[in-house]
Amino acid sequence: MICSDSQLLERVTADRREGKMIAFANGCFDLLHVGHVRYLQGARAEADRLVVAVNADVSVRGLKGEGRPILDESARAELVSALACVDYVVLFPDRTVDRLLTVLKPDVHCKGTDYTVETVPERETVLAYGGRIAIVGDPKEHSTKELLANIGNEG
């Protein structure tokens, strides 16, 4: 389900009242690939509910540069939301997810294997509210950049 910030907060609050644990993952998810799916499945295994924050177009451009994203934010959010392991999707325009983490306070903040617990950019935010960080997914052997290069070589 794709939610606004306020809808997401309502849902997470209701889930917590029912004793559910909340996991949180984030990313651009531009050209969804198997590495993304494995990351999100790993994140879902950490808790009862999985919230996925998808970078809005403006933040993807800031992070990845001109020509990105390939798919617009609504398409990327819809694709991520369609995955069975994902409960809630929210778009965010910020460079980091610190604001959302501070508001939602998920039990577990999940990052991919290109990070360590010590290198997660939002580490201090998560520790400040008493959350846990989990490194999930398979080795970072898949990337959108690599997919785009392979597509370019096919022509």
# chains A, B, ... in the order shown; residues from 1 in each chain; ligands from 1
call {"tool": "residues_around", "arguments": {"residues": "region 46-48 of chain A", "least_positions_apart": "2", "cutoff": "6 Å", "atoms": "only C-alpha atoms", "output": "ChimeraX atom specification"}}
result
/A:20-23,43-44
call {"tool": "closest_atom_pairs", "arguments": {"of": "region 16-78 of chain A", "to": "region 112-134 of chain A", "cutoff": "10 Å", "atoms": "only C-alpha atoms", "output": "JSON lines"}}
result
{"residue": "A:Ala23", "atom": "CA", "partner": "A:Ala134", "partner_atom": "CA", "distance": 9.3}
{"residue": "A:Phe24", "atom": "CA", "partner": "A:Ile133", "partner_atom": "CA", "distance": 9.6}
{"residue": "A:Ala25", "atom": "CA", "partner": "A:Gly112", "partner_atom": "CA", "distance": 8.8}
{"residue": "A:Asn26", "atom": "CA", "partner": "A:Gly112", "partner_atom": "CA", "distance": 9.4}
{"residue": "A:Gly27", "atom": "CA", "partner": "A:Gly112", "partner_atom": "CA", "distance": 9.6}
{"residue": "A:Gly35", "atom": "CA", "partner": "A:Gly112", "partner_atom": "CA", "distance": 9.1}
{"residue": "A:His36", "atom": "CA", "partner": "A:Gly112", "partner_atom": "CA", "distance": 8.9}
{"residue": "A:Arg38", "atom": "CA", "partner": "A:Gly112", "partner_atom": "CA", "distance": 9.4}
{"residue": "A:Tyr39", "atom": "CA", "partner": "A:Gly112", "partner_atom": "CA", "distance": 6.1}
{"residue": "A:Leu40", "atom": "CA", "partner": "A:Gly112", "partner_atom": "CA", "distance": 9.0}
{"residue": "A:Gly42", "atom": "CA", "partner": "A:Gly112", "partner_atom": "CA", "distance": 9.1}
{"residue": "A:Ala43", "atom": "CA", "partner": "A:Ala134", "partner_atom": "CA", "distance": 7.9}
{"residue": "A:Glu46", "atom": "CA", "partner": "A:Ala134", "partner_atom": "CA", "distance": 7.9}
call {"tool": "residues_around", "arguments": {"residues": "Gly62 (chain A)", "least_positions_apart": "6", "cutoff": "12 Å", "atoms": "only C-alpha atoms", "output": "PDB file with C-alpha atoms, in the first residue's frame"}}
result
ATOM      1  CA  CYS A  28      15.739   4.600  -5.158  1.00  0.00           C
ATOM      2  CA  ASN A  55      13.288   8.275  -2.982  1.00  0.00           C
ATOM      3  CA  ALA A  56      11.173  10.832  -4.845  1.00  0.00           C
ATOM      4  CA  ARG A  68      17.974   9.457 -13.445  1.00  0.00           C
ATOM      5  CA  PRO A  69      15.596   8.182 -12.395  1.00  0.00           C
ATOM      6  CA  PRO A  93      12.025  13.938  -1.174  1.00  0.00           C
ATOM      7  CA  ASP A  94      14.865  14.222   1.341  1.00  0.00           C
ATOM      8  CA  ARG A  95      18.479  13.226   0.753  1.00  0.00           C
ATOM      9  CA  THR A  96      18.357  10.863   3.768  1.00  0.00           C
TER      10      THR A  96
END
call {"tool": "select_by_dssp", "arguments": {"residues": "region 30-94 of chain A", "states": "helix (DSSP H, G or I)", "output": "list of chain:residue names"}}
result
A:Val34, A:Gly35, A:His36, A:Val37, A:Arg38, A:Tyr39, A:Leu40, A:Gln41, A:Gly42, A:Ala43, A:Arg44, A:Asp57, A:Val58, A:Ser59, A:Val60, A:Arg61, A:Gly62, A:Leu63, A:Lys64, A:Glu73, A:Ser74, A:Ala75, A:Arg76, A:Ala77, A:Glu78, A:Leu79, A:Val80, A:Ser81
call {"tool": "select_by_dssp", "arguments": {"residues": "region 82-136 of chain A", "states": "strand (DSSP E or B)", "output": "VMD selection string"}}
result
chain A and resid 88 to 92 108 to 111 132 to 135
call {"tool": "write_last_selection", "arguments": {"atoms": "all heavy atoms", "output": "short mmCIF file (atom, residue, chain, number, x, y, z; two decimals), in the first residue's frame"}}
result
data_model
loop_
_atom_site.label_atom_id
_atom_site.label_comp_id
_atom_site.auth_asym_id
_atom_site.auth_seq_id
_atom_site.Cartn_x
_atom_site.Cartn_y
_atom_site.Cartn_z
N TYR A 88 4.04 -1.37 3.38
CA TYR A 88 3.75 0.04 3.14
C TYR A 88 4.90 0.68 2.37
O TYR A 88 6.06 0.39 2.62
CB TYR A 88 3.60 0.80 4.47
CG TYR A 88 2.67 0.16 5.45
CD1 TYR A 88 3.12 -0.25 6.70
CD2 TYR A 88 1.32 -0.05 5.15
CE1 TYR A 88 2.27 -0.85 7.62
CE2 TYR A 88 0.46 -0.65 6.05
CZ TYR A 88 0.94 -1.05 7.29
OH TYR A 88 0.09 -1.64 8.19
N VAL A 89 4.53 1.59 1.46
CA VAL A 89 5.50 2.36 0.70
C VAL A 89 5.19 3.83 0.90
O VAL A 89 4.02 4.24 0.87
CB VAL A 89 5.45 2.00 -0.81
CG1 VAL A 89 6.31 2.96 -1.63
CG2 VAL A 89 5.88 0.57 -1.03
N VAL A 90 6.23 4.61 1.09
CA VAL A 90 6.09 6.06 1.19
C VAL A 90 7.18 6.70 0.34
O VAL A 90 8.31 6.21 0.32
CB VAL A 90 6.16 6.54 2.67
CG1 VAL A 90 7.51 6.25 3.29
CG2 VAL A 90 5.77 7.99 2.81
N LEU A 91 6.82 7.74 -0.39
CA LEU A 91 7.81 8.51 -1.15
C LEU A 91 8.41 9.57 -0.25
O LEU A 91 7.70 10.14 0.59
CB LEU A 91 7.15 9.17 -2.36
CG LEU A 91 6.76 8.23 -3.49
CD1 LEU A 91 5.79 8.92 -4.45
CD2 LEU A 91 8.00 7.75 -4.24
N PHE A 92 9.70 9.85 -0.42
CA PHE A 92 10.31 10.91 0.38
C PHE A 92 11.26 11.73 -0.48
O PHE A 92 12.01 11.18 -1.28
CB PHE A 92 11.01 10.35 1.63
CG PHE A 92 12.30 9.65 1.37
CD1 PHE A 92 13.52 10.27 1.61
CD2 PHE A 92 12.32 8.35 0.90
CE1 PHE A 92 14.72 9.62 1.37
CE2 PHE A 92 13.52 7.68 0.65
CZ PHE A 92 14.72 8.33 0.89
N VAL A 108 13.52 -1.76 13.52
CA VAL A 108 14.72 -2.18 12.80
C VAL A 108 14.87 -1.33 11.53
O VAL A 108 13.94 -1.25 10.73
CB VAL A 108 14.66 -3.66 12.39
CG1 VAL A 108 15.99 -4.11 11.80
CG2 VAL A 108 14.25 -4.54 13.54
N HIS A 109 16.03 -0.73 11.37
CA HIS A 109 16.35 0.00 10.14
C HIS A 109 17.27 -0.91 9.34
O HIS A 109 18.37 -1.27 9.79
CB HIS A 109 17.05 1.32 10.48
CG HIS A 109 17.45 2.13 9.29
ND1 HIS A 109 16.67 2.27 8.17
CD2 HIS A 109 18.58 2.84 9.03
CE1 HIS A 109 17.28 3.04 7.29
NE2 HIS A 109 18.45 3.39 7.79
N CYS A 110 16.83 -1.31 8.15
CA CYS A 110 17.56 -2.28 7.34
C CYS A 110 18.28 -1.61 6.19
O CYS A 110 17.72 -0.77 5.49
CB CYS A 110 16.58 -3.31 6.78
SG CYS A 110 15.66 -4.19 8.06
N LYS A 111 19.53 -1.98 6.02
CA LYS A 111 20.34 -1.48 4.92
C LYS A 111 20.97 -2.67 4.20
O LYS A 111 21.12 -3.75 4.76
CB LYS A 111 21.46 -0.55 5.43
CG LYS A 111 20.97 0.73 6.05
CD LYS A 111 20.19 1.61 5.10
CE LYS A 111 21.03 2.69 4.51
NZ LYS A 111 20.23 3.66 3.72
N ARG A 132 17.30 -0.62 16.18
CA ARG A 132 18.36 -1.55 15.83
C ARG A 132 18.63 -1.44 14.33
O ARG A 132 17.72 -1.15 13.55
CB ARG A 132 17.90 -2.97 16.18
CG ARG A 132 18.86 -4.07 15.83
CD ARG A 132 18.41 -5.41 16.40
NE ARG A 132 17.18 -5.92 15.84
CZ ARG A 132 17.08 -6.66 14.73
NH1 ARG A 132 18.16 -6.94 14.03
NH2 ARG A 132 15.92 -7.11 14.30
N ILE A 133 19.86 -1.67 13.93
CA ILE A 133 20.24 -1.67 12.52
C ILE A 133 20.53 -3.11 12.10
O ILE A 133 21.20 -3.84 12.82
CB ILE A 133 21.48 -0.79 12.27
CG1 ILE A 133 21.14 0.67 12.58
CG2 ILE A 133 21.99 -0.95 10.84
CD1 ILE A 133 22.34 1.60 12.62
N ALA A 134 20.01 -3.49 10.93
CA ALA A 134 20.27 -4.82 10.39
C ALA A 134 20.80 -4.67 8.96
O ALA A 134 20.26 -3.88 8.18
CB ALA A 134 19.00 -5.66 10.39
N ILE A 135 21.82 -5.42 8.64
CA ILE A 135 22.35 -5.47 7.29
C ILE A 135 21.76 -6.71 6.64
O ILE A 135 21.91 -7.82 7.16
CB ILE A 135 23.90 -5.53 7.29
CG1 ILE A 135 24.49 -4.35 8.07
CG2 ILE A 135 24.44 -5.60 5.86
CD1 ILE A 135 24.11 -2.97 7.55
#
call {"tool": "closest_residue", "arguments": {"among": "A:Ile70, A:Val37, A:Val51, A:Leu31", "to": "Asp5 (chain A)", "atoms": "only C-alpha atoms"}}
result
A:Val51
